[in-house]
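To be precise, the following lines are query.csv, and they hold CSV, C-alpha atoms and all ligand atoms.
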```csv
chain,number,residue,atom,x,y,z
V,18,MET,CA,-79.3,-16.0,29.1
V,19,ALA,CA,-82.1,-13.7,30.1
V,20,SER,CA,-83.1,-15.7,33.2
V,21,VAL,CA,-79.4,-15.9,34.3
V,22,ALA,CA,-79.0,-12.2,34.0
V,23,LYS,CA,-82.1,-11.7,36.1
V,24,GLU,CA,-80.7,-13.9,38.9
V,25,TRP,CA,-77.4,-12.1,39.0
V,26,ARG,CA,-79.1,-8.7,39.0
V,27,GLU,CA,-80.7,-9.8,42.3
V,28,ILE,CA,-77.3,-10.6,43.9
V,29,PRO,CA,-74.8,-8.2,42.3
V,30,GLY,CA,-71.2,-8.5,43.4
V,31,ARG,CA,-71.4,-12.2,44.3
V,32,TYR,CA,-69.0,-14.5,42.6
V,33,ASN,CA,-70.4,-17.9,43.4
V,34,LEU,CA,-72.3,-19.8,40.8
V,35,ILE,CA,-75.3,-20.9,42.8
V,36,GLY,CA,-77.3,-23.8,41.4
V,37,THR,CA,-79.5,-26.3,43.1
V,38,LYS,CA,-79.0,-29.9,43.9
V,39,CYS,CA,-81.8,-32.5,44.4
V,40,GLY,CA,-81.3,-34.1,47.8
V,41,ASN,CA,-83.0,-37.2,46.6
V,42,CYS,CA,-81.3,-38.1,43.3
V,43,GLY,CA,-78.3,-35.8,43.5
V,44,LYS,CA,-78.9,-34.2,40.2
V,45,ILE,CA,-77.4,-30.6,40.0
V,46,PHE,CA,-79.1,-27.8,38.1
V,47,PHE,CA,-77.7,-24.6,37.0
V,48,PRO,CA,-79.2,-22.1,36.7
V,49,SER,CA,-81.1,-23.1,39.8
V,50,ARG,CA,-84.5,-24.7,39.7
V,51,ASP,CA,-87.3,-24.8,42.3
V,52,PHE,CA,-87.9,-28.4,41.7
V,53,CYS,CA,-86.3,-31.5,40.4
V,54,PRO,CA,-88.0,-32.7,37.2
V,55,VAL,CA,-86.9,-36.2,37.9
V,56,CYS,CA,-88.3,-36.5,41.4
V,57,ARG,CA,-91.0,-33.9,41.3
V,58,ARG,CA,-93.9,-36.2,40.7
V,59,LYS,CA,-92.8,-38.6,43.5
V,60,GLY,CA,-93.1,-35.8,46.0
V,61,ILE,CA,-89.8,-36.7,47.6
V,62,GLY,CA,-87.5,-34.2,45.9
V,63,LYS,CA,-85.7,-32.0,48.4
V,64,ILE,CA,-84.0,-29.1,46.7
V,65,GLU,CA,-80.8,-27.6,48.3
V,66,LYS,CA,-78.6,-24.8,47.2
V,67,TYR,CA,-75.5,-25.9,45.5
V,68,LYS,CA,-72.3,-23.9,44.8
V,69,VAL,CA,-71.1,-24.9,41.4
V,70,ALA,CA,-67.3,-25.0,40.8
V,71,ARG,CA,-66.1,-21.9,39.2
V,72,THR,CA,-63.3,-23.7,37.4
V,73,GLY,CA,-63.6,-26.0,34.5
V,74,GLU,CA,-62.6,-26.6,30.9
V,75,VAL,CA,-63.8,-25.6,27.5
V,76,TYR,CA,-66.2,-28.3,26.3
V,77,THR,CA,-66.9,-26.7,22.9
V,78,PHE,CA,-66.9,-23.2,21.6
V,79,THR,CA,-67.8,-21.1,18.6
V,80,VAL,CA,-66.3,-17.8,17.5
V,81,ILE,CA,-69.1,-15.5,16.6
V,82,TYR,CA,-68.3,-12.9,14.0
V,83,ASP,CA,-71.8,-11.6,13.3
V,84,ALA,CA,-72.9,-10.3,16.7
V,85,PRO,CA,-76.3,-8.8,17.5
V,86,ASP,CA,-76.4,-5.1,17.9
V,87,ALA,CA,-76.1,-5.2,21.7
V,88,ASN,CA,-72.7,-6.8,21.2
V,89,VAL,CA,-71.3,-4.6,18.5
V,90,ARG,CA,-68.6,-3.2,20.6
V,91,GLN,CA,-67.1,-6.6,21.4
V,92,LYS,CA,-67.3,-8.6,18.1
V,93,PRO,CA,-66.0,-11.0,17.2
V,94,TYR,CA,-66.3,-13.0,20.4
V,95,ALA,CA,-66.2,-16.6,21.5
V,96,ALA,CA,-69.3,-18.4,22.9
V,97,ALA,CA,-68.4,-21.5,24.8
V,98,MET,CA,-69.9,-24.4,26.7
V,99,VAL,CA,-67.8,-25.0,29.7
V,100,ARG,CA,-67.8,-28.2,31.7
V,101,THR,CA,-67.2,-27.2,35.3
V,102,ASP,CA,-65.0,-29.4,37.6
V,103,ASP,CA,-68.2,-30.8,39.1
V,104,GLY,CA,-69.5,-31.8,35.6
V,105,ILE,CA,-72.1,-29.1,35.0
V,106,LEU,CA,-72.3,-27.7,31.4
V,107,ILE,CA,-72.6,-23.9,31.4
V,108,SER,CA,-72.8,-21.7,28.4
V,109,GLY,CA,-71.0,-18.4,28.5
V,110,GLN,CA,-68.7,-16.0,26.7
V,111,LEU,CA,-65.0,-16.5,26.7
V,112,VAL,CA,-63.2,-13.2,27.4
V,113,ASP,CA,-59.7,-11.9,28.0
V,114,VAL,CA,-58.3,-14.5,25.6
V,115,ASP,CA,-56.8,-14.4,22.1
V,116,LEU,CA,-59.5,-16.0,19.9
V,117,ASP,CA,-56.9,-18.0,18.0
V,118,LYS,CA,-55.7,-19.6,21.2
V,119,ILE,CA,-58.9,-21.1,22.4
V,120,GLU,CA,-59.0,-24.8,22.4
V,121,ILE,CA,-61.1,-27.7,23.6
V,122,GLY,CA,-60.0,-28.7,27.1
V,123,MET,CA,-58.5,-25.3,27.9
V,124,ARG,CA,-58.8,-24.5,31.7
V,125,VAL,CA,-61.1,-21.6,32.4
V,126,ARG,CA,-62.6,-19.8,35.4
V,127,ALA,CA,-65.9,-18.1,35.8
V,128,VAL,CA,-65.9,-14.4,36.6
V,129,LEU,CA,-68.7,-11.9,37.1
V,130,ARG,CA,-68.9,-9.2,34.5
V,131,LYS,CA,-71.3,-6.5,33.6
V,132,LEU,CA,-73.3,-7.8,30.6
V,133,ASP,CA,-75.0,-4.6,29.6
V,134,SER,CA,-76.8,-1.7,31.2
V,135,ASP,CA,-80.2,-0.3,30.5
V,136,GLY,CA,-79.6,3.4,29.9
V,137,ALA,CA,-83.2,4.4,30.5
V,138,SER,CA,-83.6,2.7,33.8
V,139,GLY,CA,-80.0,2.6,35.0
V,140,VAL,CA,-80.3,-1.1,35.7
V,141,ILE,CA,-77.0,-2.9,35.2
V,142,HIS,CA,-77.2,-6.6,34.2
V,143,TYR,CA,-74.6,-8.9,35.6
V,144,GLY,CA,-73.7,-12.3,34.3
V,145,PHE,CA,-70.8,-14.7,34.3
V,146,LYS,CA,-68.2,-15.0,31.6
V,147,PHE,CA,-65.1,-17.2,31.4
V,148,VAL,CA,-61.5,-16.2,31.4
V,149,PRO,CA,-58.4,-18.4,31.0
V,150,GLU,CA,-57.3,-19.9,34.4
V,151,LEU,CA,-53.9,-18.7,35.2
Q,201,ZN,ZN,-84.2,-35.5,41.9
```
Just give me the structure as structure tokens.
Amino acid sequence: MASVAKEWREIPGRYNLIGTKCGNCGKIFFPSRDFCPVCRRKGIGKIEKYKVARTGEVYTFTVIYDAPDANVRQKPYAAAMVRTDDGILISGQLVDVDLDKIEIGMRVRAVLRKLDSDGASGVIHYGFKFVPEL
């Protein structure tokens, strides 16, 4: 999650999930990569920006009761793998939902939320979380 937070910090306020797509083999990466590991050695990989679908469904999830200190205020919470409508698996926290009502296949949508802030430097970390799709 650290690298994801870093990317979002560079583009706060944006809602799109930007990944990359290999123009050669069509493989999509999220978070974005600078190269395609499949095509890299052939020297023919052309990497393009790719806007990942913000909607998808819960692929699997776990309710976490014993949260690390940084998450104390929000425990317990649900950590999920979401399969977006274009087939990308993304891990993220499920929020704004009754933990008892989460189920596999539930429709969700990615939203940008503040993850945490560094009180000393004032830096705010942004990241995406998932909420039920209405
Ligand atoms: Zn490729």
Do you know which residues are within 6 Å of ligand ZN 201 (chain Q) using all atoms listed in the file? Can you write them as a PyMOL selection string? chain V and resi 39+41-42+44+53+55-56+62
Closest to Leu106 (chain V) among V:Gly144, V:Gly73, V:Gly43, V:Pro149, using all atoms listed in the file?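 The closest residue to Leu106 (chain V) is V:Gly73.
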Among listed residues V:Ala70, V:Leu116, V:Asn33, V:Gly109, nearest Tyr82 (chain V) (using all atoms listed in the file): V:Leu116
I'd like to know which of V:Gln110, V:Ser49, V:Thr79, V:Thr37 is closest to Lys66 (chain V), using only C-alpha atoms.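 The answer is V:Thr37, which sits nearest to Lys66 (chain V).
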With distances taken over all atoms listed in the file, which of V:Asp103, V:Glu74, V:Asp115, V:Asp83 is nearest to Ile45 (chain V)?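 Closest residue, counting all atoms listed in the file: V:Asp103.
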How many Å separate CA of Ile35 (chain V) from CA of Val148 (chain V)?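 CA of Ile35 (chain V) sits 18.5 Å away from CA of Val148 (chain V).
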Which one of V:Glu65, V:Arg100, V:Ala95, V:His142 sits closest to Asp113 (chain V) if you count all atoms listed in the file?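 Among the listed residues, V:Ala95 lies closest to Asp113 (chain V).
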Nearest candidate to Tyr76 (chain V) (options V:Asp133, V:Glu150, V:Asp117, V:Asp102; using only C-alpha atoms): V:Asp102
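In this model, the gap between CA of Ser108 (chain V) and CA of Thr72 (chain V) comes to 13.2 Å.
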Neighbouring residues of Arg50 (chain V) were defined as those with any atom within 9 Å, considering all atoms listed in the file; residues of the same chain fewer than 3 positions away were excluded. Please report them as a compact mmCIF listing (two decimals) with C-alpha atoms, in the coordinates of the input.
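So the final result, stored in around-v7.txt, reads:
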```txt
# COMPACT_ATOMS: atom_id res chain seq x y z
CA GLY V 36 -77.30 -23.80 41.40
CA THR V 37 -79.50 -26.30 43.10
CA LYS V 38 -79.00 -29.90 43.90
CA PHE V 46 -79.10 -27.80 38.10
CA PHE V 47 -77.70 -24.60 37.00
CA CYS V 53 -86.30 -31.50 40.40
CA ILE V 64 -84.00 -29.10 46.70
```
Separation of CA of Gly139 (chain V) and CA of Lys68 (chain V), in Å?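 Rounded to one decimal, the two atoms are 29.3 Å apart.
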Can you tell me which residues surround Ile107 (chain V) at a distance of at most 9 Å, considering all atoms listed in the file, apart from same-chain residues fewer than 5 positions away, and format the answer as a PyMOL selection string? chain V and resi 47-48+97-101
